[in-house]
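Chemist: Got a structure for you, questions after.
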Amino acid sequence: MTKPIDDVRAMLAALIGGPDTPYMARRAQAADFAAAFEIPPDIAIEPGSLGGVAVEWVAPRKPHSSNVFFHLHGGGYVLGDPAGSRAFTTDLARRLNCRVASLDYRLAPEHPFPAAVDDALAAYRALLGLGQRQSAIAVGGESAGGGLAVALLLAAKKDGLPMPAAGALVSPWVDMRCSAGTFDTLAAADPLLTRRSLKEMADAYLGAANPQEPFASPLFGDLRGLPPLLIHVGSEEVLLDDARDLAAAAMNHGVPATLAIWPEMIHVWHMFHPMLPEGAAAMAELAAFIHHHWS
């Protein structure tokens with residue numbers, strides 16, 4: 001008898017065509033995935049703008065909270081958009097009973113580093129400018145979006161902006177060198193990512209920038225003063241060491257950081273919560289963590 005995660009793996013194998021599929025081909029796949037997603041009837045989605053950057057507002061039709069989750073989508077900085085993360089953002093909006101601001105930041109290679117960081121910072125600054133209390137904001141994202149969330153916190157700290165209440169990071173990519181040990185030890189286990197695929201994305205994003213530039217690879221940043229972090233990662237993904245290293249660096253800098261390694265889970269398994277019990281449980285844990293720091 002197969003487990004639900006086995007069914008997810010089989011589905012991914014049929015749809016994606018292998019973890020080394022070029023990112024330009026994945027752009028089309030991501031658009032198809034987004035188009036196939038049915039928006040839950042109790043959730044409203046509206047286009048908007050923050051600081052001149054397009055944003056998708058996702059919320060229950062009658063939200064009971066004025067809090068905001070500031071979301072940064074995944075896609076290796078070269079693909080993806082808010083629509084592609086709706087499985088994540090609609091469920092989180094419902095669980096938090098608040099608005100989610102999902103940012104449509106610019107993508108590489110058309111807009112290389114630091115475009116994504118600039119967009120995230122401009123939008124965060126604009127959110128604060130609307131009068132949103134810092135204690136009523138949490139930031140986060142999945143994969144590259146998780147790394148971008150940490151880069152945003154570093155950029156906001158540099159500019160003297162107030163920190164949000166918390167950061168929720170799912171399978172974060174925080175080291176553009178792609179040299180961690182789990183790129184080798186978990187290469188056969190990860191159905192979505194390889195060193196080769198991520199290196200291709202990193203090269204497209206970085207251009208001539210140093211891969212250890214902290215706003216690109218926030219693992220190398222000064223994390224002091226960042227808000228409490230929850231870091232989710234699957235035991236079967238090549239980014240496992242990125243998550244471990246980020247948690248260790250955060251704690252070494254005095255940042256409260258909780259690392260949760262989910263057995264048998266793959267990259268951003270949360271997206272499959274309708275068919276994967278561990279995905280629903282992980283979404284519930286994220287929401288509980290954010291609620292705790294908003295209370």
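Following the order of the structure tokens, first chain is A, next is B, and so on, with residues numbered from 1 inside each chain and ligands from 1 in the order they appear.
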Identify, on the basis of only C-alpha atoms, every residue whose closest approach to segment 190-193 of chain A does not exceed 6 Å; exclude the query and any residue fewer than 6 positions from it along the same chain; express the result as an MDAnalysis selection string.

Modeler: chainID A and resid 19 236:237

Chemist: Include N, CA and C atoms and write out the residues we just selected as a CSV table (one decimal), in the first residue's frame.

Modeler:
chain,number,residue,atom,x,y,z
A,19,PRO,N,13.9,16.5,-12.4
A,19,PRO,CA,14.4,17.6,-11.6
A,19,PRO,C,15.4,18.5,-12.4
A,236,GLU,N,13.9,14.7,2.8
A,236,GLU,CA,14.3,14.1,1.5
A,236,GLU,C,14.5,15.2,0.4
A,237,GLU,N,15.0,16.4,0.8
A,237,GLU,CA,15.3,17.4,-0.2
A,237,GLU,C,16.7,17.9,-0.1

Chemist: Pick out the residues sitting within 12 Å of Ala282 of chain A, and hand them over as a ChimeraX atom specification; count only C-alpha atoms, and ignore anything fewer than 6 positions along from it in its own chain.

Modeler: /A:88,91-92,95,168-171,230-234,260-263,265,268-274,276,288-289

Chemist: Let's have the selection written as a JSON list (two decimals), in the first residue's frame, with N, CA and C atoms.

Modeler:
[["chain", "number", "residue", "atom", "x", "y", "z"],
["A", 88, "PHE", "N", -0.82, 27.47, -1.33],
["A", 88, "PHE", "CA", -0.21, 27.87, -0.06],
["A", 88, "PHE", "C", -0.92, 29.08, 0.52],
["A", 91, "ASP", "N", -4.76, 28.71, 1.68],
["A", 91, "ASP", "CA", -4.91, 27.92, 2.90],
["A", 91, "ASP", "C", -4.42, 28.69, 4.11],
["A", 92, "LEU", "N", -3.29, 29.41, 3.95],
["A", 92, "LEU", "CA", -2.76, 30.18, 5.07],
["A", 92, "LEU", "C", -3.69, 31.34, 5.43],
["A", 95, "ARG", "N", -6.44, 29.84, 7.47],
["A", 95, "ARG", "CA", -6.01, 29.44, 8.82],
["A", 95, "ARG", "C", -5.71, 30.63, 9.71],
["A", 168, "ALA", "N", 8.29, 32.96, 8.66],
["A", 168, "ALA", "CA", 7.93, 31.56, 8.45],
["A", 168, "ALA", "C", 8.51, 31.12, 7.12],
["A", 169, "LEU", "N", 9.48, 30.21, 7.16],
["A", 169, "LEU", "CA", 10.26, 29.85, 6.00],
["A", 169, "LEU", "C", 10.09, 28.37, 5.67],
["A", 170, "VAL", "N", 9.73, 28.09, 4.43],
["A", 170, "VAL", "CA", 9.49, 26.72, 3.99],
["A", 170, "VAL", "C", 10.55, 26.33, 2.97],
["A", 171, "SER", "N", 11.33, 25.29, 3.28],
["A", 171, "SER", "CA", 12.38, 24.80, 2.38],
["A", 171, "SER", "C", 13.23, 25.95, 1.83],
["A", 230, "LEU", "N", 10.56, 30.34, 12.11],
["A", 230, "LEU", "CA", 10.23, 28.93, 12.01],
["A", 230, "LEU", "C", 10.69, 28.46, 10.64],
["A", 231, "ILE", "N", 11.50, 27.41, 10.63],
["A", 231, "ILE", "CA", 12.07, 26.89, 9.38],
["A", 231, "ILE", "C", 11.59, 25.46, 9.19],
["A", 232, "HIS", "N", 10.84, 25.23, 8.12],
["A", 232, "HIS", "CA", 10.37, 23.89, 7.76],
["A", 232, "HIS", "C", 11.23, 23.35, 6.63],
["A", 233, "VAL", "N", 11.58, 22.09, 6.69],
["A", 233, "VAL", "CA", 12.31, 21.45, 5.60],
["A", 233, "VAL", "C", 12.00, 19.96, 5.64],
["A", 234, "GLY", "N", 11.98, 19.33, 4.46],
["A", 234, "GLY", "CA", 11.76, 17.90, 4.38],
["A", 234, "GLY", "C", 13.06, 17.13, 4.50],
["A", 260, "ALA", "N", 12.27, 22.60, 11.99],
["A", 260, "ALA", "CA", 11.44, 21.40, 11.97],
["A", 260, "ALA", "C", 11.76, 20.60, 10.70],
["A", 261, "ILE", "N", 12.37, 19.43, 10.87],
["A", 261, "ILE", "CA", 12.70, 18.53, 9.76],
["A", 261, "ILE", "C", 11.62, 17.47, 9.70],
["A", 262, "TRP", "N", 10.86, 17.45, 8.62],
["A", 262, "TRP", "CA", 9.71, 16.55, 8.49],
["A", 262, "TRP", "C", 10.13, 15.26, 7.78],
["A", 263, "PRO", "N", 10.02, 14.12, 8.46],
["A", 263, "PRO", "CA", 10.45, 12.85, 7.87],
["A", 263, "PRO", "C", 9.69, 12.51, 6.59],
["A", 265, "MET", "N", 9.42, 13.89, 3.86],
["A", 265, "MET", "CA", 8.83, 14.96, 3.06],
["A", 265, "MET", "C", 9.83, 15.51, 2.06],
["A", 268, "VAL", "N", 8.91, 21.72, -0.34],
["A", 268, "VAL", "CA", 7.65, 22.47, -0.25],
["A", 268, "VAL", "C", 6.44, 21.53, -0.35],
["A", 269, "TRP", "N", 6.43, 20.50, 0.48],
["A", 269, "TRP", "CA", 5.32, 19.55, 0.51],
["A", 269, "TRP", "C", 4.02, 20.19, 0.94],
["A", 270, "HIS", "N", 4.09, 21.37, 1.54],
["A", 270, "HIS", "CA", 2.89, 22.08, 1.98],
["A", 270, "HIS", "C", 1.91, 22.30, 0.84],
["A", 271, "MET", "N", 2.44, 22.49, -0.37],
["A", 271, "MET", "CA", 1.58, 22.79, -1.52],
["A", 271, "MET", "C", 0.58, 21.66, -1.80],
["A", 272, "PHE", "N", 0.86, 20.48, -1.31],
["A", 272, "PHE", "CA", 0.03, 19.32, -1.63],
["A", 272, "PHE", "C", -0.91, 18.96, -0.48],
["A", 273, "HIS", "N", -1.20, 19.95, 0.38],
["A", 273, "HIS", "CA", -2.02, 19.68, 1.56],
["A", 273, "HIS", "C", -3.38, 19.08, 1.27],
["A", 274, "PRO", "N", -4.01, 19.32, 0.09],
["A", 274, "PRO", "CA", -5.31, 18.69, -0.13],
["A", 274, "PRO", "C", -5.23, 17.16, -0.22],
["A", 276, "LEU", "N", -2.20, 15.43, 0.95],
["A", 276, "LEU", "CA", -1.09, 14.98, 1.77],
["A", 276, "LEU", "C", -1.32, 15.41, 3.23],
["A", 288, "ALA", "N", -0.04, 28.26, 13.47],
["A", 288, "ALA", "CA", 0.03, 28.36, 14.93],
["A", 288, "ALA", "C", 1.24, 29.19, 15.38],
["A", 289, "PHE", "N", 2.35, 29.02, 14.69],
["A", 289, "PHE", "CA", 3.55, 29.79, 15.01],
["A", 289, "PHE", "C", 3.30, 31.29, 14.78]]

Chemist: Which residues, written as a VMD selection string, have at least one atom at most 7 Å from segment 75-87 of chain A, with only C-alpha atoms counted and residues fewer than 6 positions away on the same chain left out?

Modeler: chain A and resid 27 30 to 31 33 to 34 56 102 to 104 107 to 109 144 201 205 271

Chemist: Keeping only C-alpha atoms, write those residues as a compact mmCIF listing (two decimals), in the first residue's frame.

Modeler:
# COMPACT_ATOMS: atom_id res chain seq x y z
CA ARG A 27 7.91 28.53 -16.40
CA ALA A 30 4.16 26.66 -13.45
CA ALA A 31 1.67 28.69 -15.47
CA PHE A 33 -0.35 24.54 -12.58
CA ALA A 34 -1.59 27.98 -11.60
CA GLU A 56 -2.04 39.72 -5.02
CA SER A 102 1.65 37.82 -2.16
CA LEU A 103 4.29 39.79 -4.02
CA ASP A 104 4.84 39.53 -7.79
CA LEU A 107 12.29 37.62 -12.14
CA ALA A 108 15.73 36.83 -13.53
CA PRO A 109 17.37 36.62 -15.98
CA ALA A 144 13.68 30.95 -3.08
CA MET A 201 18.91 29.37 -11.54
CA TYR A 205 19.82 35.42 -10.86
CA MET A 271 1.58 22.79 -1.52

Chemist: Please return, as a PyMOL selection string, all residues of segment 25-217 of chain A that DSSP assigns to strand (DSSP E or B) on the basis of the backbone.

Modeler: chain A and resi 43-50+53-60+68-72+99-103+137-142+166-170

Chemist: Keeping only C-alpha atoms, write those residues as a CSV table (one decimal), in the first residue's frame.

Modeler:
chain,number,residue,atom,x,y,z
A,43,ILE,CA,-11.5,33.1,-0.5
A,44,ALA,CA,-11.3,36.4,-2.4
A,45,ILE,CA,-8.3,37.4,-4.5
A,46,GLU,CA,-7.7,40.9,-5.7
A,47,PRO,CA,-4.8,42.5,-7.6
A,48,GLY,CA,-3.1,45.5,-6.0
A,49,SER,CA,0.2,47.3,-5.6
A,50,LEU,CA,2.7,48.0,-2.8
A,53,VAL,CA,5.2,46.4,-7.1
A,54,ALA,CA,2.3,44.2,-8.1
A,55,VAL,CA,0.8,42.2,-5.3
A,56,GLU,CA,-2.0,39.7,-5.0
A,57,TRP,CA,-4.2,40.2,-2.0
A,58,VAL,CA,-5.6,36.9,-0.7
A,59,ALA,CA,-8.1,36.8,2.1
A,60,PRO,CA,-11.2,35.2,3.5
A,68,VAL,CA,-1.0,40.7,7.2
A,69,PHE,CA,1.2,37.8,6.1
A,70,PHE,CA,3.7,39.2,3.6
A,71,HIS,CA,4.4,36.3,1.2
A,72,LEU,CA,7.2,35.7,-1.3
A,99,ARG,CA,-5.1,39.0,4.4
A,100,VAL,CA,-2.0,37.6,2.6
A,101,ALA,CA,0.0,40.0,0.4
A,102,SER,CA,1.7,37.8,-2.2
A,103,LEU,CA,4.3,39.8,-4.0
A,137,ILE,CA,3.0,41.6,10.1
A,138,ALA,CA,4.7,38.2,9.5
A,139,VAL,CA,6.8,37.5,6.5
A,140,GLY,CA,7.7,34.3,4.8
A,141,GLY,CA,7.8,32.2,1.7
A,142,GLU,CA,8.8,28.9,0.1
A,166,ALA,CA,7.9,36.7,12.8
A,167,GLY,CA,9.3,34.9,9.8
A,168,ALA,CA,7.9,31.6,8.4
A,169,LEU,CA,10.3,29.8,6.0
A,170,VAL,CA,9.5,26.7,4.0

Chemist: When you draw a straight line from atom CA of Ala115 of chain A to atom CA of Leu286 of chain A, how long is it in Å?

Modeler: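 Atom-to-atom, atom CA of Ala115 of chain A and atom CA of Leu286 of chain A are spaced 27.6 Å apart.
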
Chemist: May I have the residues within 7 Å of segment 149-153 of chain A as a list in words, using only C-alpha atoms and disregarding those fewer than 3 positions away in the same chain?

Modeler: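 Residues meeting the cut-off are Leu72, Val117, Ala120, Leu121, Val139, Gly140, Gly141, Gly145, Gly146, Ala156, Lys157, Phe215, Ala216, Pro218 and Leu226 of chain A.
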
Chemist: Quick one: residues within 10 Å of His64 of chain A, only C-alpha atoms, excluding same-chain residues fewer than 5 positions away - as a PyMOL selection string?

Modeler: chain A and resi 96-99

Chemist: Which distance in Å separates atom CA of Leu239 of chain A and atom CA of Ser179 of chain A, to one decimal?

Modeler: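 Straight-line distance from atom CA of Leu239 of chain A to atom CA of Ser179 of chain A works out to 10.2 Å.
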
Chemist: Quick one: residues within 7 Å of Arg224 of chain A, only C-alpha atoms counted, chain neighbours fewer than 2 positions away excluded, as a list in words?

Modeler: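 The residues that qualify are Asp222, Leu226, His253, Gly254 and Val255 of chain A.
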
Chemist: With distances taken over only C-alpha atoms, which of A:Ala188, A:Leu229, A:Ala208, A:Leu223 is nearest to Leu154 of chain A?

Modeler: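 Closest to Leu154 of chain A of all the choices is A:Leu223.
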
Chemist: With DSSP run on the backbone, what are the helix (DSSP H, G or I) residues within segment 8-113 of chain A? I'd like them as an MDAnalysis selection string.

Modeler: chainID A and resid 8:16 23:36 82:96

Chemist: Could you please take those selected residues and save N, CA and C atoms as an mmCIF file, in the first residue's frame?

Modeler:
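The file below, selection_3.cif, is the result:
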data_model
loop_
_atom_site.group_PDB
_atom_site.id
_atom_site.type_symbol
_atom_site.label_atom_id
_atom_site.label_comp_id
_atom_site.auth_asym_id
_atom_site.auth_seq_id
_atom_site.Cartn_x
_atom_site.Cartn_y
_atom_site.Cartn_z
ATOM 1 N N VAL A 8 2.206 11.720 -4.352
ATOM 2 C CA VAL A 8 2.702 13.042 -4.739
ATOM 3 C C VAL A 8 3.945 12.893 -5.615
ATOM 4 N N ARG A 9 4.846 12.014 -5.230
ATOM 5 C CA ARG A 9 6.055 11.792 -6.025
ATOM 6 C C ARG A 9 5.709 11.310 -7.430
ATOM 7 N N ALA A 10 4.758 10.389 -7.531
ATOM 8 C CA ALA A 10 4.364 9.870 -8.840
ATOM 9 C C ALA A 10 3.746 10.966 -9.705
ATOM 10 N N MET A 11 2.938 11.804 -9.090
ATOM 11 C CA MET A 11 2.326 12.909 -9.823
ATOM 12 C C MET A 11 3.386 13.871 -10.348
ATOM 13 N N LEU A 12 4.358 14.197 -9.503
ATOM 14 C CA LEU A 12 5.413 15.115 -9.916
ATOM 15 C C LEU A 12 6.250 14.529 -11.052
ATOM 16 N N ALA A 13 6.544 13.237 -10.969
ATOM 17 C CA ALA A 13 7.331 12.591 -12.020
ATOM 18 C C ALA A 13 6.621 12.672 -13.365
ATOM 19 N N ALA A 14 5.282 12.546 -13.338
ATOM 20 C CA ALA A 14 4.517 12.590 -14.578
ATOM 21 C C ALA A 14 4.385 14.000 -15.133
ATOM 22 N N LEU A 15 4.319 14.989 -14.243
ATOM 23 C CA LEU A 15 4.033 16.351 -14.679
ATOM 24 C C LEU A 15 5.268 17.171 -15.019
ATOM 25 N N ILE A 16 6.345 16.978 -14.267
ATOM 26 C CA ILE A 16 7.494 17.879 -14.394
ATOM 27 C C ILE A 16 8.518 17.392 -15.408
ATOM 28 N N TYR A 23 14.745 25.729 -16.534
ATOM 29 C CA TYR A 23 13.779 26.584 -15.853
ATOM 30 C C TYR A 23 12.832 27.276 -16.819
ATOM 31 N N MET A 24 13.245 27.520 -18.053
ATOM 32 C CA MET A 24 12.326 28.129 -19.007
ATOM 33 C C MET A 24 11.152 27.197 -19.304
ATOM 34 N N ALA A 25 11.421 25.885 -19.356
ATOM 35 C CA ALA A 25 10.331 24.922 -19.525
ATOM 36 C C ALA A 25 9.465 24.877 -18.278
ATOM 37 N N ARG A 26 10.088 25.041 -17.130
ATOM 38 C CA ARG A 26 9.317 25.044 -15.876
ATOM 39 C C ARG A 26 8.421 26.277 -15.769
ATOM 40 N N ARG A 27 8.800 27.358 -16.419
ATOM 41 C CA ARG A 27 7.914 28.528 -16.400
ATOM 42 C C ARG A 27 6.555 28.177 -16.980
ATOM 43 N N ALA A 28 6.559 27.486 -18.109
ATOM 44 C CA ALA A 28 5.298 27.097 -18.730
ATOM 45 C C ALA A 28 4.532 26.114 -17.847
ATOM 46 N N GLN A 29 5.249 25.171 -17.231
ATOM 47 C CA GLN A 29 4.601 24.230 -16.327
ATOM 48 C C GLN A 29 3.952 24.950 -15.151
ATOM 49 N N ALA A 30 4.682 25.918 -14.590
ATOM 50 C CA ALA A 30 4.160 26.664 -13.447
ATOM 51 C C ALA A 30 2.882 27.423 -13.829
ATOM 52 N N ALA A 31 2.862 27.979 -15.019
ATOM 53 C CA ALA A 31 1.669 28.690 -15.471
ATOM 54 C C ALA A 31 0.491 27.734 -15.624
ATOM 55 N N ASP A 32 0.764 26.534 -16.127
ATOM 56 C CA ASP A 32 -0.299 25.531 -16.259
ATOM 57 C C ASP A 32 -0.832 25.107 -14.893
ATOM 58 N N PHE A 33 0.076 24.899 -13.929
ATOM 59 C CA PHE A 33 -0.348 24.538 -12.576
ATOM 60 C C PHE A 33 -1.246 25.620 -11.987
ATOM 61 N N ALA A 34 -0.830 26.869 -12.158
ATOM 62 C CA ALA A 34 -1.594 27.979 -11.596
ATOM 63 C C ALA A 34 -2.981 28.061 -12.224
ATOM 64 N N ALA A 35 -3.059 27.857 -13.529
ATOM 65 C CA ALA A 35 -4.345 27.944 -14.217
ATOM 66 C C ALA A 35 -5.300 26.836 -13.792
ATOM 67 N N ALA A 36 -4.745 25.700 -13.371
ATOM 68 C CA ALA A 36 -5.581 24.564 -12.984
ATOM 69 C C ALA A 36 -6.115 24.674 -11.566
ATOM 70 N N PRO A 82 2.491 34.909 -7.843
ATOM 71 C CA PRO A 82 1.520 34.659 -6.772
ATOM 72 C C PRO A 82 0.468 33.609 -7.131
ATOM 73 N N ALA A 83 0.048 33.575 -8.389
ATOM 74 C CA ALA A 83 -0.965 32.594 -8.769
ATOM 75 C C ALA A 83 -0.468 31.170 -8.571
ATOM 76 N N GLY A 84 0.819 30.952 -8.808
ATOM 77 C CA GLY A 84 1.377 29.622 -8.652
ATOM 78 C C GLY A 84 1.494 29.163 -7.217
ATOM 79 N N SER A 85 1.346 30.089 -6.268
ATOM 80 C CA SER A 85 1.443 29.756 -4.848
ATOM 81 C C SER A 85 0.092 29.802 -4.149
ATOM 82 N N ARG A 86 -0.977 29.805 -4.912
ATOM 83 C CA ARG A 86 -2.298 29.959 -4.290
ATOM 84 C C ARG A 86 -2.689 28.781 -3.404
ATOM 85 N N ALA A 87 -2.178 27.589 -3.691
ATOM 86 C CA ALA A 87 -2.463 26.473 -2.782
ATOM 87 C C ALA A 87 -1.947 26.787 -1.389
ATOM 88 N N PHE A 88 -0.820 27.474 -1.328
ATOM 89 C CA PHE A 88 -0.210 27.871 -0.061
ATOM 90 C C PHE A 88 -0.920 29.081 0.525
ATOM 91 N N THR A 89 -1.081 30.135 -0.265
ATOM 92 C CA THR A 89 -1.574 31.402 0.288
ATOM 93 C C THR A 89 -3.057 31.353 0.650
ATOM 94 N N THR A 90 -3.863 30.641 -0.127
ATOM 95 C CA THR A 90 -5.288 30.577 0.217
ATOM 96 C C THR A 90 -5.502 29.798 1.506
ATOM 97 N N ASP A 91 -4.759 28.710 1.681
ATOM 98 C CA ASP A 91 -4.909 27.921 2.895
ATOM 99 C C ASP A 91 -4.415 28.691 4.107
ATOM 100 N N LEU A 92 -3.287 29.413 3.949
ATOM 101 C CA LEU A 92 -2.755 30.175 5.074
ATOM 102 C C LEU A 92 -3.688 31.337 5.427
ATOM 103 N N ALA A 93 -4.252 31.991 4.424
ATOM 104 C CA ALA A 93 -5.194 33.081 4.693
ATOM 105 C C ALA A 93 -6.384 32.578 5.499
ATOM 106 N N ARG A 94 -6.864 31.390 5.148
ATOM 107 C CA ARG A 94 -7.996 30.825 5.883
ATOM 108 C C ARG A 94 -7.596 30.476 7.313
ATOM 109 N N ARG A 95 -6.440 29.844 7.471
ATOM 110 C CA ARG A 95 -6.013 29.437 8.815
ATOM 111 C C ARG A 95 -5.710 30.634 9.709
ATOM 112 N N LEU A 96 -5.138 31.695 9.123
ATOM 113 C CA LEU A 96 -4.819 32.893 9.896
ATOM 114 C C LEU A 96 -5.996 33.855 9.994
#

Chemist: Let me make sure I understand: among A:Ile5, A:Ala122, A:Val174, A:Met251, which one has the smallest atom-to-atom distance to Ile266 of chain A if we use only C-alpha atoms?

Modeler: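 Smallest separation from Ile266 of chain A among the options: A:Ile5.
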
Chemist: Atom CA of Ser66 of chain A and atom CA of Ala165 of chain A, how far apart in Å?

Modeler: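 Atom CA of Ser66 of chain A lies 13.9 Å from atom CA of Ala165 of chain A.
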
Chemist: Check the smallest atom-to-atom distance from each of A:Asp184, A:Asp7, A:Glu200, A:Asp245 to Pro172 of chain A using only C-alpha atoms, then report the winner.

Modeler: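 When distances to Pro172 of chain A are compared using only C-alpha atoms, the smallest one comes from A:Asp245.
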
Chemist: Find the residue from A:His292, A:Arg177, A:Arg125, A:Lys199 that sits nearest to Gly160 of chain A; use only C-alpha atoms when measuring.

Modeler: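 Counting only C-alpha atoms, the residue closest to Gly160 of chain A is A:Arg125.
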